[in-house]
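A quick write-up on the structure given underneath.
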Amino acid sequence: MKTLALQLLLAALCSAASIALYDRLVLRPATAIAVIDAALVYQDMQARLLDRALAGGGLRDVLERNRQFQARFRQELARLADDCHCLLLDKAAIVGLRPQVADLTPQLRQRMQ
């Protein structure tokens with residue numbers, strides 16, 4: 001009877017230790033959050049497209065560049081999330097932004113140039 005109780009206690013301790021390690025090493029690092037200001041990046045794109053349109057670029061050229069920008073924007077967002085190993089959220093979706101939350105808008109703007 002004592003050996004059974006000891007084995008159950010040992011199994012419970014191993015399970016608790018495994019759950020604690022999983023929480024510390026796998027779950028918590030995966031829930032890091034960073035923000036981007038998508039509206040600012042889109043405003044930059046709109047300004048560049050407007051400059052091209054006013055400089056004599058055709059409407060088809062502007063529309064094609066817009067499509068290219070949208071595809072590239074999605075790709076760069078995915079790459080940025082992979083690089084930082086974090087969950088990316090739009091800055092407008094966060095209320096009460098804390099200093100611990102990284103703002104990756106400058107990196108995204110640089111990648112989109």
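Residue names in the structure tokens use chain letters A, B, ... in the order shown, residue numbers from 1 in each chain, and ligand numbers from 1 in the order shown.
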For this session: Please provide as a list in words all residues within 10 Å of Arg109 in chain A, with the sequence filter that same-chain residues fewer than 2 positions apart are discarded (counting only C-alpha atoms).
Result: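 Returned residues: Ile36, Asp37, Ala38, Leu40, Val41, Tyr42, Asp44, Met45, Phe73, Glu76, Leu104, Thr105, Pro106, Gln107, Arg111, Met112 and Gln113 of chain A.
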Taking N, CA and C atoms for each residue, export the selection above as a PDB file, in the first residue's frame.
ATOM      1  N   ILE A  36       1.465  46.918 -34.496  1.00  0.00           N
ATOM      2  CA  ILE A  36       1.845  47.689 -35.677  1.00  0.00           C
ATOM      3  C   ILE A  36       0.726  48.679 -35.952  1.00  0.00           C
ATOM      4  N   ASP A  37       1.079  49.780 -36.568  1.00  0.00           N
ATOM      5  CA  ASP A  37       0.087  50.779 -36.966  1.00  0.00           C
ATOM      6  C   ASP A  37      -0.141  50.622 -38.466  1.00  0.00           C
ATOM      7  N   ALA A  38      -1.090  49.769 -38.818  1.00  0.00           N
ATOM      8  CA  ALA A  38      -1.360  49.469 -40.228  1.00  0.00           C
ATOM      9  C   ALA A  38      -1.852  50.702 -40.968  1.00  0.00           C
ATOM     10  N   LEU A  40      -0.949  53.778 -40.587  1.00  0.00           N
ATOM     11  CA  LEU A  40       0.194  54.615 -40.944  1.00  0.00           C
ATOM     12  C   LEU A  40       0.922  54.055 -42.165  1.00  0.00           C
ATOM     13  N   VAL A  41       1.090  52.753 -42.215  1.00  0.00           N
ATOM     14  CA  VAL A  41       1.759  52.122 -43.361  1.00  0.00           C
ATOM     15  C   VAL A  41       0.925  52.311 -44.623  1.00  0.00           C
ATOM     16  N   TYR A  42      -0.396  52.168 -44.513  1.00  0.00           N
ATOM     17  CA  TYR A  42      -1.274  52.380 -45.669  1.00  0.00           C
ATOM     18  C   TYR A  42      -1.272  53.842 -46.105  1.00  0.00           C
ATOM     19  N   ASP A  44       1.271  55.877 -45.908  1.00  0.00           N
ATOM     20  CA  ASP A  44       2.519  56.033 -46.661  1.00  0.00           C
ATOM     21  C   ASP A  44       2.347  55.534 -48.089  1.00  0.00           C
ATOM     22  N   MET A  45       1.711  54.364 -48.236  1.00  0.00           N
ATOM     23  CA  MET A  45       1.492  53.795 -49.563  1.00  0.00           C
ATOM     24  C   MET A  45       0.599  54.701 -50.397  1.00  0.00           C
ATOM     25  N   PHE A  73       2.318  43.466 -48.314  1.00  0.00           N
ATOM     26  CA  PHE A  73       1.987  43.822 -46.935  1.00  0.00           C
ATOM     27  C   PHE A  73       1.673  42.561 -46.127  1.00  0.00           C
ATOM     28  N   GLU A  76       4.969  40.595 -45.588  1.00  0.00           N
ATOM     29  CA  GLU A  76       5.857  41.227 -44.608  1.00  0.00           C
ATOM     30  C   GLU A  76       5.303  41.108 -43.192  1.00  0.00           C
ATOM     31  N   LEU A 104       6.242  47.561 -33.573  1.00  0.00           N
ATOM     32  CA  LEU A 104       7.073  47.156 -34.706  1.00  0.00           C
ATOM     33  C   LEU A 104       6.739  47.913 -35.985  1.00  0.00           C
ATOM     34  N   THR A 105       6.023  49.030 -35.861  1.00  0.00           N
ATOM     35  CA  THR A 105       5.673  49.828 -37.034  1.00  0.00           C
ATOM     36  C   THR A 105       6.906  50.326 -37.788  1.00  0.00           C
ATOM     37  N   PRO A 106       7.942  50.844 -37.100  1.00  0.00           N
ATOM     38  CA  PRO A 106       9.124  51.297 -37.863  1.00  0.00           C
ATOM     39  C   PRO A 106       9.780  50.181 -38.680  1.00  0.00           C
ATOM     40  N   GLN A 107       9.847  48.977 -38.120  1.00  0.00           N
ATOM     41  CA  GLN A 107      10.431  47.863 -38.867  1.00  0.00           C
ATOM     42  C   GLN A 107       9.573  47.514 -40.081  1.00  0.00           C
ATOM     43  N   ARG A 111      10.635  47.740 -44.050  1.00  0.00           N
ATOM     44  CA  ARG A 111      10.520  46.593 -44.952  1.00  0.00           C
ATOM     45  C   ARG A 111       9.666  46.915 -46.172  1.00  0.00           C
ATOM     46  N   MET A 112       8.700  47.803 -46.024  1.00  0.00           N
ATOM     47  CA  MET A 112       7.787  48.126 -47.120  1.00  0.00           C
ATOM     48  C   MET A 112       8.349  49.191 -48.063  1.00  0.00           C
ATOM     49  N   GLN A 113       9.457  49.794 -47.738  1.00  0.00           N
ATOM     50  CA  GLN A 113      10.043  50.834 -48.600  1.00  0.00           C
ATOM     51  C   GLN A 113      10.516  50.271 -49.906  1.00  0.00           C
TER      52      GLN A 113
END
Would you give me, as a compact mmCIF listing (two decimals) with C-alpha atoms, in the first residue's frame, the residues in range 11-105 of chain A that DSSP reads as alpha helix (DSSP H)?
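Result written to states.txt:
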# COMPACT_ATOMS: atom_id res chain seq x y z
CA ALA A 11 3.64 10.45 -10.69
CA ALA A 12 1.72 13.52 -9.48
CA LEU A 13 4.96 15.40 -8.80
CA CYS A 14 6.33 14.51 -12.24
CA SER A 15 3.10 15.65 -13.89
CA ALA A 16 3.09 18.94 -11.98
CA ALA A 17 6.73 19.58 -12.85
CA SER A 18 6.07 18.81 -16.53
CA ILE A 19 3.09 21.16 -16.64
CA ALA A 20 5.09 23.93 -14.94
CA LEU A 21 7.99 23.52 -17.39
CA TYR A 22 5.61 23.55 -20.36
CA ARG A 28 4.34 31.94 -22.12
CA PRO A 29 7.01 32.78 -24.71
CA ALA A 30 4.48 32.04 -27.46
CA ALA A 38 -1.36 49.47 -40.23
CA ALA A 39 -3.13 52.77 -40.95
CA LEU A 40 0.19 54.62 -40.94
CA VAL A 41 1.76 52.12 -43.36
CA TYR A 42 -1.27 52.38 -45.67
CA GLN A 43 -1.11 56.20 -45.54
CA ASP A 44 2.52 56.03 -46.66
CA MET A 45 1.49 53.79 -49.56
CA GLN A 46 -1.38 56.09 -50.52
CA ALA A 47 0.93 59.11 -50.56
CA ARG A 48 3.41 57.30 -52.83
CA LEU A 49 0.64 56.17 -55.19
CA LEU A 50 -0.85 59.65 -55.30
CA ASP A 51 2.56 61.11 -56.16
CA ARG A 52 2.92 58.59 -58.99
CA ALA A 53 -0.57 59.34 -60.29
CA LEU A 54 0.09 63.08 -60.26
CA LEU A 59 -4.57 54.45 -63.57
CA ARG A 60 -3.74 50.84 -64.43
CA ASP A 61 -0.19 51.31 -63.15
CA VAL A 62 -1.48 52.75 -59.87
CA LEU A 63 -4.00 49.93 -59.43
CA GLU A 64 -1.37 47.29 -60.17
CA ARG A 65 1.02 48.83 -57.65
CA ASN A 66 -1.79 48.85 -55.10
CA ARG A 67 -2.38 45.12 -55.64
CA GLN A 68 1.34 44.45 -55.32
CA PHE A 69 1.46 46.47 -52.11
CA GLN A 70 -1.41 44.51 -50.57
CA ALA A 71 0.22 41.17 -51.34
CA ARG A 72 3.59 42.36 -50.07
CA PHE A 73 1.99 43.82 -46.94
CA ARG A 74 0.55 40.41 -46.01
CA GLN A 75 3.89 38.72 -46.67
CA GLU A 76 5.86 41.23 -44.61
CA LEU A 77 3.39 40.95 -41.72
CA ALA A 78 3.85 37.18 -41.69
CA ARG A 79 7.64 37.51 -41.84
CA LEU A 80 7.65 40.10 -39.07
CA ALA A 81 5.54 37.85 -36.84
CA ASP A 82 7.90 34.94 -37.54
CA ASP A 83 10.98 37.06 -36.82
CA CYS A 84 9.70 38.38 -33.49
CA THR A 105 5.67 49.83 -37.03
Exercise. When DSSP works through the backbone of this structure, what residues of range 57-97 of chain A end up as strand (DSSP E), shown as a VMD selection string?
Worked result: chain A and resid 87 to 90
File of the preceding selection, N, CA and C atoms, as a PDB file, in the first residue's frame:
ATOM      1  N   LEU A  87       2.663  37.569 -31.376  1.00  0.00           N
ATOM      2  CA  LEU A  87       1.357  37.812 -31.965  1.00  0.00           C
ATOM      3  C   LEU A  87       1.299  39.285 -32.338  1.00  0.00           C
ATOM      4  N   LEU A  88       1.043  39.585 -33.606  1.00  0.00           N
ATOM      5  CA  LEU A  88       0.950  40.973 -34.058  1.00  0.00           C
ATOM      6  C   LEU A  88      -0.498  41.432 -34.024  1.00  0.00           C
ATOM      7  N   LEU A  89      -0.719  42.586 -33.431  1.00  0.00           N
ATOM      8  CA  LEU A  89      -2.040  43.194 -33.389  1.00  0.00           C
ATOM      9  C   LEU A  89      -1.951  44.604 -33.937  1.00  0.00           C
ATOM     10  N   ASP A  90      -3.067  45.088 -34.470  1.00  0.00           N
ATOM     11  CA  ASP A  90      -3.119  46.474 -34.914  1.00  0.00           C
ATOM     12  C   ASP A  90      -3.163  47.375 -33.684  1.00  0.00           C
TER      13      ASP A  90
END
Seminar exercise, completed: Here CA of Ile33 in chain A and CA of Gly96 in chain A stand apart by 13.5 Å
Problem set entry | Atomic distance CA of Leu25 in chain A - CA of Leu97 in chain A, expressed in Å with one decimal |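 Going from CA of Leu25 in chain A over to CA of Leu97 in chain A covers 25.1 Å.
A straight line drawn from CA of Asp103 in chain A to CA of His85 in chain A is 13.8 Å long.
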